[in-house]
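A.B. asks: Structure supplied as input.txt; contents: compact mmCIF, C-alpha atoms and all ligand atoms.
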```txt
# COMPACT_ATOMS: atom_id res chain seq x y z
CA MET E 1 -4.25 -10.39 22.84
CA LYS E 2 -1.39 -12.88 22.82
CA VAL E 3 1.10 -10.09 23.31
CA TYR E 4 -0.79 -8.07 25.88
CA CYS E 5 -2.98 -10.45 27.80
CA TYR E 6 -1.79 -14.04 27.47
CA GLN E 7 1.07 -13.72 29.89
CA CYS E 8 -1.68 -13.98 32.49
CA HIS E 9 -4.75 -15.22 30.60
CA ASP E 10 -3.44 -17.98 28.34
CA ALA E 11 -5.60 -21.09 28.37
CA THR E 12 -2.61 -23.31 27.67
CA THR E 13 -0.61 -22.32 30.75
CA PRO E 14 -0.67 -25.20 33.22
CA GLU E 15 -3.04 -24.63 36.11
CA LYS E 16 -0.36 -24.16 38.73
CA ASN E 17 1.49 -21.49 36.73
CA ARG E 18 -1.48 -19.42 35.76
CA LEU E 19 -1.61 -15.81 36.92
CA GLY E 20 -5.22 -15.17 35.97
CA PRO E 21 -8.35 -16.84 34.59
CA PRO E 22 -8.16 -18.02 30.96
CA MET E 23 -9.68 -15.60 28.45
CA ILE E 24 -12.52 -17.95 27.65
CA ALA E 25 -13.64 -17.77 31.27
CA ILE E 26 -13.71 -14.00 31.02
CA LYS E 27 -15.63 -14.16 27.78
CA ARG E 28 -18.27 -16.50 29.20
CA HIS E 29 -18.59 -14.34 32.25
CA TYR E 30 -18.99 -11.06 30.41
CA ILE E 31 -21.00 -12.10 27.38
CA THR E 32 -24.51 -13.43 27.80
CA THR E 33 -26.95 -13.99 24.98
CA LYS E 34 -28.04 -10.37 25.39
CA THR E 35 -24.63 -8.71 25.35
CA THR E 36 -23.94 -6.76 22.18
CA LYS E 37 -20.47 -6.37 20.81
CA ALA E 38 -20.52 -2.63 21.57
CA GLN E 39 -21.47 -3.36 25.16
CA PHE E 40 -18.71 -5.91 25.55
CA ILE E 41 -16.10 -3.56 24.09
CA ALA E 42 -17.28 -0.81 26.47
CA ASP E 43 -17.09 -3.21 29.44
CA MET E 44 -13.54 -4.14 28.51
CA GLN E 45 -12.47 -0.51 28.19
CA ASN E 46 -13.98 0.22 31.60
CA TRP E 47 -12.26 -2.71 33.24
CA ILE E 48 -8.85 -1.90 31.78
CA LYS E 49 -9.12 1.70 32.95
CA ASN E 50 -10.43 0.77 36.37
CA PRO E 51 -9.48 -2.68 37.54
CA THR E 52 -10.63 -2.50 41.16
CA GLU E 53 -12.32 -4.96 43.44
CA ASP E 54 -15.54 -2.95 43.25
CA ASN E 55 -15.64 -3.14 39.48
CA ALA E 56 -14.74 -6.79 39.24
CA LYS E 57 -17.39 -9.23 38.11
CA MET E 58 -15.30 -12.35 38.61
CA HIS E 59 -15.14 -12.54 42.37
CA ALA E 60 -13.77 -16.04 42.57
CA ALA E 61 -10.89 -15.00 40.30
CA VAL E 62 -10.19 -11.96 42.45
CA ALA E 63 -10.18 -14.14 45.56
CA ARG E 64 -7.78 -16.57 43.97
CA PHE E 65 -5.38 -14.34 42.04
CA GLY E 66 -5.87 -10.88 43.54
CA VAL E 67 -7.22 -8.00 41.50
CA MET E 68 -5.65 -7.55 38.09
CA SER E 69 -2.94 -4.89 38.14
CA LYS E 70 -3.62 -1.68 36.37
CA MET E 71 -1.72 -1.50 33.11
CA VAL E 72 -2.02 1.11 30.44
CA TYR E 73 -3.10 -0.11 27.05
CA PRO E 74 -4.16 2.05 24.12
CA GLU E 75 -7.95 2.07 23.63
CA SER E 76 -7.49 0.95 20.05
CA VAL E 77 -5.71 -2.19 21.24
CA ILE E 78 -8.43 -3.04 23.75
CA LYS E 79 -11.09 -2.46 21.12
CA LYS E 80 -9.37 -4.89 18.77
CA ILE E 81 -8.94 -7.49 21.48
CA ALA E 82 -12.57 -7.24 22.62
CA ASP E 83 -13.74 -7.34 19.03
CA TYR E 84 -11.73 -10.49 18.44
CA MET E 85 -12.92 -12.13 21.65
CA TYR E 86 -16.54 -11.45 20.79
CA ASP E 87 -16.32 -12.96 17.31
CA ASN E 88 -13.99 -15.88 17.79
CA ALA E 89 -13.91 -19.12 19.70
CA LEU E 90 -11.15 -19.02 22.29
CA ASP E 91 -8.95 -21.84 23.48
CA ALA E 92 -10.33 -23.64 26.48
CA PRO E 93 -8.12 -25.60 28.86
CA GLU E 94 -9.12 -29.22 29.38
CA TRP E 95 -10.64 -28.69 32.80
CA PHE E 96 -12.71 -25.73 31.71
CA GLU E 97 -16.04 -27.18 30.56
CA ALA E 98 -16.49 -29.29 33.68
CA HIS E 99 -15.50 -26.40 35.92
CA TYR E 100 -17.86 -24.06 34.11
CA GLN E 101 -20.84 -26.40 34.27
CA LYS E 102 -20.23 -27.00 37.94
CA ASN E 103 -20.06 -23.27 38.74
CA MET E 104 -23.14 -22.50 36.73
CA LYS E 105 -25.04 -25.01 38.80
CA SER E 106 -23.73 -23.91 42.16
CA ASN E 107 -23.93 -20.13 41.82
CA LYS E 108 -27.04 -19.63 39.72
CA HIS E 109 -26.47 -16.08 38.90
CA LYS E 110 -24.60 -13.82 41.19
C1 LIG L 1 -0.11 -9.30 34.84
C2 LIG L 1 -1.16 -10.25 34.61
C3 LIG L 1 -2.34 -9.81 33.75
C4 LIG L 1 -2.31 -9.29 32.47
C5 LIG L 1 -1.11 -8.99 31.60
C6 LIG L 1 -3.69 -9.10 32.08
N1 LIG L 1 -4.52 -9.50 33.10
FE1 LIG L 1 -6.57 -9.48 33.08
N2 LIG L 1 -6.61 -10.30 34.94
C7 LIG L 1 -5.51 -10.66 35.69
C8 LIG L 1 -5.95 -11.29 36.92
C9 LIG L 1 -5.05 -11.82 38.01
C10 LIG L 1 -7.36 -11.32 36.88
C11 LIG L 1 -8.32 -11.97 37.92
C12 LIG L 1 -8.68 -11.08 39.04
C13 LIG L 1 -9.66 -10.01 38.65
O1 LIG L 1 -10.76 -10.31 38.16
O2 LIG L 1 -9.30 -8.84 38.82
C14 LIG L 1 -7.75 -10.67 35.63
C15 LIG L 1 -9.06 -10.45 35.23
C16 LIG L 1 -9.44 -9.87 34.04
C17 LIG L 1 -10.81 -9.59 33.67
C18 LIG L 1 -12.03 -9.89 34.53
C19 LIG L 1 -12.28 -8.77 35.49
C20 LIG L 1 -13.40 -9.01 36.46
O3 LIG L 1 -14.55 -8.62 36.14
O4 LIG L 1 -13.16 -9.55 37.55
C21 LIG L 1 -10.78 -9.02 32.44
C22 LIG L 1 -11.96 -8.52 31.64
C23 LIG L 1 -9.39 -8.96 32.03
N3 LIG L 1 -8.60 -9.48 33.03
C24 LIG L 1 -8.95 -8.48 30.80
C25 LIG L 1 -7.62 -8.41 30.43
C26 LIG L 1 -7.19 -7.99 29.11
C27 LIG L 1 -8.14 -7.60 27.97
C28 LIG L 1 -5.84 -8.04 29.10
C29 LIG L 1 -4.89 -7.67 27.98
C30 LIG L 1 -5.09 -6.36 27.37
C31 LIG L 1 -5.41 -8.48 30.44
N4 LIG L 1 -6.53 -8.71 31.20
C32 LIG L 1 -4.09 -8.62 30.84
C33 LIG L 1 -4.19 -10.47 35.34
C34 LIG L 1 -3.73 -9.94 34.14
```
When written as structure tokens, how does the structure in this file appear?
Ligand code: HEC

C.D. replies:
Amino acid sequence: MKVYCYQCHDATTPEKNRLGPPMIAIKRHYITTKTTKAQFIADMQNWIKNPTEDNAKMHAAVARFGVMSKMVYPESVIKKIADYMYDNALDAPEWFEAHYQKNMKSNKHK
């Protein structure tokens, strides 16, 4: 994940230099209490193969950064990354909790 995704999704990159949402934001967006690991891995594979505006779930991120470019990653790599994301706590930037709570209040499930 560090090698493949953090150039754009690293939580420690200062706000103004970030190219995409931090991974923890993606994790919170994709995984609800009902999401199984298999489902999450499948969602990740789908996104990586088809990153288009129609498939995007994070509309604010698309509006801000533009749709993620399509890059080819081996399925085995994406599986490992999704597996890791599901099981582990990810770094959160300082502003994240406040931002998250605020968004959860204002857009009560889109
Ligand atoms: C070149 C920069 C870049 C790299 C590298 C990159 N991403 Fe992204 N990614 C973005 C941007 C920008 C967005 C926000 C816009 C969007 O949602 O399409 C995004 C959004 C996402 C989303 C949310 C999609 C949605 O529903 O809107 C997922 C999931 C994601 N990335 C996974 C990954 C994974 C996994 C990797 C590593 C294998 C990765 N990205 C590598 C730029 C990148």

A.B. asks: Within 7 Å of ligand LIG 1 (chain L), counting all atoms listed in the file, which protein or nucleic acid residues do you find, written as a compact mmCIF listing (two decimals) with C-alpha atoms, keeping the file's coordinate frame?

C.D. replies:
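Produced file out.txt, reproduced below:
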```
# COMPACT_ATOMS: atom_id res chain seq x y z
CA MET E 1 -4.25 -10.39 22.84
CA TYR E 4 -0.79 -8.07 25.88
CA CYS E 5 -2.98 -10.45 27.80
CA TYR E 6 -1.79 -14.04 27.47
CA GLN E 7 1.07 -13.72 29.89
CA CYS E 8 -1.68 -13.98 32.49
CA HIS E 9 -4.75 -15.22 30.60
CA LEU E 19 -1.61 -15.81 36.92
CA GLY E 20 -5.22 -15.17 35.97
CA PRO E 21 -8.35 -16.84 34.59
CA ILE E 26 -13.71 -14.00 31.02
CA MET E 44 -13.54 -4.14 28.51
CA TRP E 47 -12.26 -2.71 33.24
CA ILE E 48 -8.85 -1.90 31.78
CA PRO E 51 -9.48 -2.68 37.54
CA THR E 52 -10.63 -2.50 41.16
CA GLU E 53 -12.32 -4.96 43.44
CA ASN E 55 -15.64 -3.14 39.48
CA ALA E 56 -14.74 -6.79 39.24
CA LYS E 57 -17.39 -9.23 38.11
CA MET E 58 -15.30 -12.35 38.61
CA HIS E 59 -15.14 -12.54 42.37
CA ALA E 61 -10.89 -15.00 40.30
CA VAL E 62 -10.19 -11.96 42.45
CA PHE E 65 -5.38 -14.34 42.04
CA GLY E 66 -5.87 -10.88 43.54
CA VAL E 67 -7.22 -8.00 41.50
CA MET E 68 -5.65 -7.55 38.09
CA SER E 69 -2.94 -4.89 38.14
CA TYR E 73 -3.10 -0.11 27.05
CA ILE E 78 -8.43 -3.04 23.75
CA ILE E 81 -8.94 -7.49 21.48
CA ALA E 82 -12.57 -7.24 22.62
```

A.B. asks: Would you compute the distance between CA of Pro93 (chain E) and CA of Arg64 (chain E)? Give it in Å to one decimal.

C.D. replies: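 It comes out at 17.6 Å.
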
A.B. asks: When distances are computed from all atoms listed in the file, which of E:Met104, E:Ala60, E:Lys49, E:Asp91 shows the smallest separation from Ile24 (chain E)?

C.D. replies: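 For Ile24 (chain E), the nearest of the candidates is E:Asp91.
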
A.B. asks: Quick one, how far is CA of Ile31 (chain E) from CA of Ala63 (chain E)?

C.D. replies: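 For CA of Ile31 (chain E) relative to CA of Ala63 (chain E), the distance reads 21.3 Å.
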
A.B. asks: Quick one: distance from CA of Asp43 (chain E) to CA of Glu97 (chain E) in Å, one decimal?

C.D. replies: 24.0 Å

A.B. asks: Out of E:Ala42, E:Ala25, E:Thr35, E:Tyr86, which residue has the shortest atom-to-atom distance to His99 (chain E) when counting only C-alpha atoms?

C.D. replies: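 Of the candidates, the smallest distance to His99 (chain E) is held by E:Ala25.
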
A.B. asks: Which residue gives the smallest distance to Thr13 (chain E) among E:Val77, E:Met85, E:Ala92, E:Val72, with all atoms listed in the file counted?

C.D. replies: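 The answer is E:Ala92, which sits nearest to Thr13 (chain E).
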
A.B. asks: Find the residue from E:Ala38, E:Met23, E:Met71, E:Val3 that sits nearest to Ala89 (chain E); use all atoms listed in the file when measuring.

C.D. replies: E:Met23

A.B. asks: Using all atoms listed in the file, find the one residue out of E:Thr12, E:Asn17, E:Asn88, E:Ser76 that sits nearest to Ile41 (chain E).

C.D. replies: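 Going through E:Thr12, E:Asn17, E:Asn88, E:Ser76 one by one, the smallest distance to Ile41 (chain E) is for E:Ser76.
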
A.B. asks: Have a look at E:Tyr100, E:Glu94, E:Tyr84, E:Lys105 and name the one nearest to Glu15 (chain E); count only C-alpha atoms.

C.D. replies: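 Of E:Tyr100, E:Glu94, E:Tyr84, E:Lys105, the one nearest Glu15 (chain E), counting only C-alpha atoms, is E:Glu94.
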